[in-house]
Structures are given as C-alpha cells and as structure tokens.
Amino acid sequence: MRTSRVTLLSLAVLCAAALTGPAEATTAPRKSLVELREQGGFAGLDDRVRVYTDGCALLSRRTGPVVRRCLTASEWRGLRGALRNLRLGRSEAPPQGADFLAYGLTYQGRRVTRYTLPPSWRPVVDRLQRVLAKYQAPR
C-alpha cells in the first residue's frame with residue numbers, strides 16, 4: 001500500500017509539472033536575459049518583450065494585457081544565437097522631427113536606445129518582434 005501512495009504522489013507531481021511546463025514549475029526569481037522596447041511614431045507605439053533566462057517571456061503592447069509565454073526550443077536557440085553576435089554600442093540622440101521609432105535593448109545589464117538599427121541588432125530585434133506578433137494580440 002505504501003508503494004502505491006508513493007507512486008501516485010510521484011505521478012501527481014509529474015503531471016503537474018507537465019501541465020505547467022518546466023519553466024513554470026520553478027519558483028526561483030527569474031533573471032532577465034534581454035528586453036526590447038519599441039516606442040514612438042504617430043500611433044504612440046509602446047511594445048515590450050522581455051525574455052528571461054528560463055526561456056519564457058513577458059509581452060506587452062500599449063493597449064491590451066501583459067502576456068506570459070514560453071518560447072519554443074527553436075525560438076530559444078535562434079534568439080541565443082543572435083545574442084552572441086549582438087554589439088550594443090552607444091545610444092543615439094533623438095532625431096529631429098516626428099514619427100520616429102525608438103528601439104531600446106537591454107542586455108547584460110546595459111540599456112541602449114537607437115533610432116536606426118545597426119546590423120548586429122537586426123537579428124535580435126526581428127526575433128523578438130516575431131515572438132511578440134505570435135503570442136500577443138494585435139495592436
């Protein structure tokens with residue numbers, strides 16, 4: 001009888017972990033890996049994607065709820081590969097005029113804002129934008 005209780009308890013724990021996924025099963029504080037924030041334009045864009053070291057992300061737009069989703073293995077591998085080639089550089093001064101988008105990237109404790117995307121930023125920004133489009137409601 002004791003063995004069956006242990007087996008049932010083990011099965012219950014495994015089922016709970018399978019339902020919540022490995023990232024949700026952990027209770028340790030999450031550490032941010034990278035964050036993209038796009039702001040500006042006439043529409044008042046304010047999109048945010050923060051990916052944590054556990055492979056899950058918080059996604060938000062100016063309107064709508066904050067959504068938490070975990071990246072697929074392919075998305076996670078692609079993002080980490082793109083981050084290996086990322087060179088943050090320095091922030092740019094805001095351009096004169098209106099309707100410009102500001103791209104803010106935070107990575108390895110540094111936050112840099114650009115109005116034009118350097119070549120090493122493009123793969124990271126593209127991947128994070130695709131994650132936002134896939135998991136977050138449209139604007």
# chains A, B, ... in the order shown; residues from 1 in each chain; ligands from 1
$ residues_around --residues "Ser74 in chain A" --least-positions-apart "6" --cutoff "12 Å" --atoms "only C-alpha atoms" --output "compact mmCIF listing (two decimals) with N, CA and C atoms, in the first residue's frame"
# COMPACT_ATOMS: atom_id res chain seq x y z
N GLY A 55 13.75 30.98 -20.63
CA GLY A 55 13.15 30.79 -21.94
C GLY A 55 11.73 31.30 -22.06
N ARG A 80 19.22 32.99 -28.73
CA ARG A 80 20.54 32.91 -28.08
C ARG A 80 21.66 33.03 -29.12
N GLY A 81 21.47 32.44 -30.29
CA GLY A 81 22.46 32.58 -31.36
C GLY A 81 22.60 34.02 -31.82
N ARG A 127 13.76 38.69 -34.24
CA ARG A 127 13.29 37.52 -33.49
C ARG A 127 12.33 37.93 -32.37
N VAL A 131 8.27 37.01 -31.93
CA VAL A 131 7.69 36.43 -30.71
C VAL A 131 6.50 37.26 -30.26
$ residues_around --residues "Arg111 in chain A" --least-positions-apart "4" --cutoff "9 Å" --atoms "only C-alpha atoms" --output "list in words"
Glu35, Leu88, Ser91, Gly104, Leu105, Thr106 and Tyr107 of chain A
$ write_last_selection --atoms "N, CA and C atoms" --output "mmCIF file, in the first residue's frame"
data_model
loop_
_atom_site.group_PDB
_atom_site.id
_atom_site.type_symbol
_atom_site.label_atom_id
_atom_site.label_comp_id
_atom_site.auth_asym_id
_atom_site.auth_seq_id
_atom_site.Cartn_x
_atom_site.Cartn_y
_atom_site.Cartn_z
ATOM 1 N N GLU A 35 15.713 42.458 -23.194
ATOM 2 C CA GLU A 35 14.433 43.168 -23.313
ATOM 3 C C GLU A 35 14.501 44.113 -24.499
ATOM 4 N N LEU A 88 25.985 46.067 -28.571
ATOM 5 C CA LEU A 88 25.054 47.138 -28.185
ATOM 6 C C LEU A 88 25.518 48.512 -28.647
ATOM 7 N N SER A 91 23.982 54.652 -27.203
ATOM 8 C CA SER A 91 22.667 55.215 -27.536
ATOM 9 C C SER A 91 22.821 56.338 -28.538
ATOM 10 N N GLY A 104 14.823 50.277 -27.831
ATOM 11 C CA GLY A 104 15.655 50.143 -26.645
ATOM 12 C C GLY A 104 15.946 48.679 -26.391
ATOM 13 N N LEU A 105 17.214 48.337 -26.298
ATOM 14 C CA LEU A 105 17.606 46.968 -25.965
ATOM 15 C C LEU A 105 18.339 46.977 -24.639
ATOM 16 N N THR A 106 17.943 46.074 -23.779
ATOM 17 C CA THR A 106 18.639 45.870 -22.518
ATOM 18 C C THR A 106 19.203 44.462 -22.544
ATOM 19 N N TYR A 107 20.523 44.380 -22.364
ATOM 20 C CA TYR A 107 21.197 43.088 -22.413
ATOM 21 C C TYR A 107 22.450 43.170 -21.555
#
$ residues_around --residues "range 115-120 of chain A" --least-positions-apart "4" --cutoff "10 Å" --atoms "only C-alpha atoms" --output "list in words"
Glu38, Gln39, Ala82, Leu83, Arg84, Asn85, Leu86, Arg87, Leu88, Gly89, Ser91, Glu92, Ala93, Pro94, Pro95, Phe100, Leu101, Ala102, Tyr103, Gly104, Val124 and Val125 of chain A
$ write_last_selection --atoms "N, CA, C and O atoms" --output "PDB file, in the first residue's frame"
ATOM      1  N   GLU A  38      10.002  49.045 -28.020  1.00  0.00           N
ATOM      2  CA  GLU A  38       9.819  49.892 -29.196  1.00  0.00           C
ATOM      3  C   GLU A  38       8.804  50.971 -28.823  1.00  0.00           C
ATOM      4  O   GLU A  38       7.693  50.652 -28.407  1.00  0.00           O
ATOM      5  N   GLN A  39       9.187  52.221 -29.018  1.00  0.00           N
ATOM      6  CA  GLN A  39       8.311  53.335 -28.648  1.00  0.00           C
ATOM      7  C   GLN A  39       8.311  54.390 -29.732  1.00  0.00           C
ATOM      8  O   GLN A  39       9.311  54.582 -30.421  1.00  0.00           O
ATOM      9  N   ALA A  82      21.487  34.706 -31.980  1.00  0.00           N
ATOM     10  CA  ALA A  82      21.519  36.114 -32.395  1.00  0.00           C
ATOM     11  C   ALA A  82      22.170  36.990 -31.324  1.00  0.00           C
ATOM     12  O   ALA A  82      22.898  37.934 -31.648  1.00  0.00           O
ATOM     13  N   LEU A  83      21.933  36.669 -30.072  1.00  0.00           N
ATOM     14  CA  LEU A  83      22.520  37.459 -28.981  1.00  0.00           C
ATOM     15  C   LEU A  83      24.032  37.316 -28.926  1.00  0.00           C
ATOM     16  O   LEU A  83      24.726  38.244 -28.498  1.00  0.00           O
ATOM     17  N   ARG A  84      24.559  36.187 -29.370  1.00  0.00           N
ATOM     18  CA  ARG A  84      26.022  36.003 -29.364  1.00  0.00           C
ATOM     19  C   ARG A  84      26.705  37.024 -30.271  1.00  0.00           C
ATOM     20  O   ARG A  84      27.859  37.390 -30.037  1.00  0.00           O
ATOM     21  N   ASN A  85      26.017  37.474 -31.306  1.00  0.00           N
ATOM     22  CA  ASN A  85      26.602  38.430 -32.251  1.00  0.00           C
ATOM     23  C   ASN A  85      26.197  39.876 -31.974  1.00  0.00           C
ATOM     24  O   ASN A  85      26.585  40.775 -32.723  1.00  0.00           O
ATOM     25  N   LEU A  86      25.415  40.103 -30.932  1.00  0.00           N
ATOM     26  CA  LEU A  86      24.920  41.449 -30.639  1.00  0.00           C
ATOM     27  C   LEU A  86      26.028  42.344 -30.097  1.00  0.00           C
ATOM     28  O   LEU A  86      26.760  41.956 -29.190  1.00  0.00           O
ATOM     29  N   ARG A  87      26.134  43.522 -30.662  1.00  0.00           N
ATOM     30  CA  ARG A  87      27.027  44.568 -30.157  1.00  0.00           C
ATOM     31  C   ARG A  87      26.138  45.767 -29.851  1.00  0.00           C
ATOM     32  O   ARG A  87      25.602  46.389 -30.762  1.00  0.00           O
ATOM     33  N   LEU A  88      25.985  46.067 -28.571  1.00  0.00           N
ATOM     34  CA  LEU A  88      25.054  47.138 -28.185  1.00  0.00           C
ATOM     35  C   LEU A  88      25.518  48.512 -28.647  1.00  0.00           C
ATOM     36  O   LEU A  88      24.714  49.312 -29.111  1.00  0.00           O
ATOM     37  N   GLY A  89      26.789  48.821 -28.497  1.00  0.00           N
ATOM     38  CA  GLY A  89      27.267  50.146 -28.876  1.00  0.00           C
ATOM     39  C   GLY A  89      26.737  51.205 -27.928  1.00  0.00           C
ATOM     40  O   GLY A  89      26.495  50.948 -26.753  1.00  0.00           O
ATOM     41  N   SER A  91      23.982  54.652 -27.203  1.00  0.00           N
ATOM     42  CA  SER A  91      22.667  55.215 -27.536  1.00  0.00           C
ATOM     43  C   SER A  91      22.821  56.338 -28.538  1.00  0.00           C
ATOM     44  O   SER A  91      23.848  57.022 -28.575  1.00  0.00           O
ATOM     45  N   GLU A  92      21.791  56.517 -29.351  1.00  0.00           N
ATOM     46  CA  GLU A  92      21.746  57.628 -30.306  1.00  0.00           C
ATOM     47  C   GLU A  92      20.918  58.760 -29.721  1.00  0.00           C
ATOM     48  O   GLU A  92      19.962  58.519 -28.977  1.00  0.00           O
ATOM     49  N   ALA A  93      21.251  59.961 -30.106  1.00  0.00           N
ATOM     50  CA  ALA A  93      20.429  61.111 -29.735  1.00  0.00           C
ATOM     51  C   ALA A  93      19.139  61.056 -30.545  1.00  0.00           C
ATOM     52  O   ALA A  93      19.142  60.597 -31.695  1.00  0.00           O
ATOM     53  N   PRO A  94      18.021  61.509 -29.959  1.00  0.00           N
ATOM     54  CA  PRO A  94      16.764  61.506 -30.722  1.00  0.00           C
ATOM     55  C   PRO A  94      16.889  62.372 -31.975  1.00  0.00           C
ATOM     56  O   PRO A  94      17.446  63.463 -31.926  1.00  0.00           O
ATOM     57  N   PRO A  95      16.371  61.892 -33.098  1.00  0.00           N
ATOM     58  CA  PRO A  95      16.439  62.678 -34.343  1.00  0.00           C
ATOM     59  C   PRO A  95      15.455  63.850 -34.296  1.00  0.00           C
ATOM     60  O   PRO A  95      14.503  63.851 -33.518  1.00  0.00           O
ATOM     61  N   PHE A 100       9.319  59.009 -35.323  1.00  0.00           N
ATOM     62  CA  PHE A 100      10.469  58.116 -35.268  1.00  0.00           C
ATOM     63  C   PHE A 100      10.211  57.035 -34.231  1.00  0.00           C
ATOM     64  O   PHE A 100       9.561  57.275 -33.221  1.00  0.00           O
ATOM     65  N   LEU A 101      10.736  55.861 -34.498  1.00  0.00           N
ATOM     66  CA  LEU A 101      10.646  54.766 -33.532  1.00  0.00           C
ATOM     67  C   LEU A 101      11.954  54.667 -32.774  1.00  0.00           C
ATOM     68  O   LEU A 101      13.032  54.714 -33.361  1.00  0.00           O
ATOM     69  N   ALA A 102      11.833  54.523 -31.468  1.00  0.00           N
ATOM     70  CA  ALA A 102      12.992  54.296 -30.619  1.00  0.00           C
ATOM     71  C   ALA A 102      13.031  52.814 -30.264  1.00  0.00           C
ATOM     72  O   ALA A 102      12.027  52.240 -29.833  1.00  0.00           O
ATOM     73  N   TYR A 103      14.173  52.190 -30.499  1.00  0.00           N
ATOM     74  CA  TYR A 103      14.382  50.790 -30.156  1.00  0.00           C
ATOM     75  C   TYR A 103      15.317  50.750 -28.957  1.00  0.00           C
ATOM     76  O   TYR A 103      16.474  51.163 -29.067  1.00  0.00           O
ATOM     77  N   GLY A 104      14.823  50.277 -27.831  1.00  0.00           N
ATOM     78  CA  GLY A 104      15.655  50.143 -26.645  1.00  0.00           C
ATOM     79  C   GLY A 104      15.946  48.679 -26.391  1.00  0.00           C
ATOM     80  O   GLY A 104      15.020  47.864 -26.310  1.00  0.00           O
ATOM     81  N   VAL A 124      18.344  40.161 -33.621  1.00  0.00           N
ATOM     82  CA  VAL A 124      17.743  40.114 -32.281  1.00  0.00           C
ATOM     83  C   VAL A 124      16.371  40.775 -32.305  1.00  0.00           C
ATOM     84  O   VAL A 124      15.380  40.212 -31.832  1.00  0.00           O
ATOM     85  N   VAL A 125      16.299  41.971 -32.873  1.00  0.00           N
ATOM     86  CA  VAL A 125      15.034  42.713 -32.937  1.00  0.00           C
ATOM     87  C   VAL A 125      14.006  41.928 -33.753  1.00  0.00           C
ATOM     88  O   VAL A 125      12.848  41.804 -33.349  1.00  0.00           O
TER      89      VAL A 125
END
$ select_by_dssp --residues "range 5-129 of chain A" --states "strand (DSSP E or B)" --output "PyMOL selection string"
chain A and resi 32-40+45-52+56-60+67-70+101-107+110-114
$ residues_around --residues "Ala57 in chain A" --least-positions-apart "5" --cutoff "6 Å" --atoms "only C-alpha atoms" --output "list in words"
Arg50, Val51, Tyr52, Arg68, Arg69 and Cys70 of chain A
$ atom_distance --atom1 "CA of Val49 in chain A" --atom2 "CA of Ala73 in chain A"
17.4 Å
$ atom_distance --atom1 "CA of Arg90 in chain A" --atom2 "CA of Glu75 in chain A"
26.9 Å
$ closest_residue --among "A:Gln136, A:Thr113, A:Gln108, A:Arg62" --to "Leu45 in chain A" --atoms "only C-alpha atoms"
A:Arg62
$ residues_around --residues "Arg61 in chain A" --least-positions-apart "4" --cutoff "12 Å" --atoms "only C-alpha atoms" --output "list in words"
Leu36, Arg37, Glu38, Gln39, Ala43, Gly44, Leu45, Asp46, Asp47, Arg48, Val49, Arg50, Pro65, Val66, Val67, Gln129, Leu132, Ala133, Tyr135, Gln136, Ala137, Pro138 and Arg139 of chain A
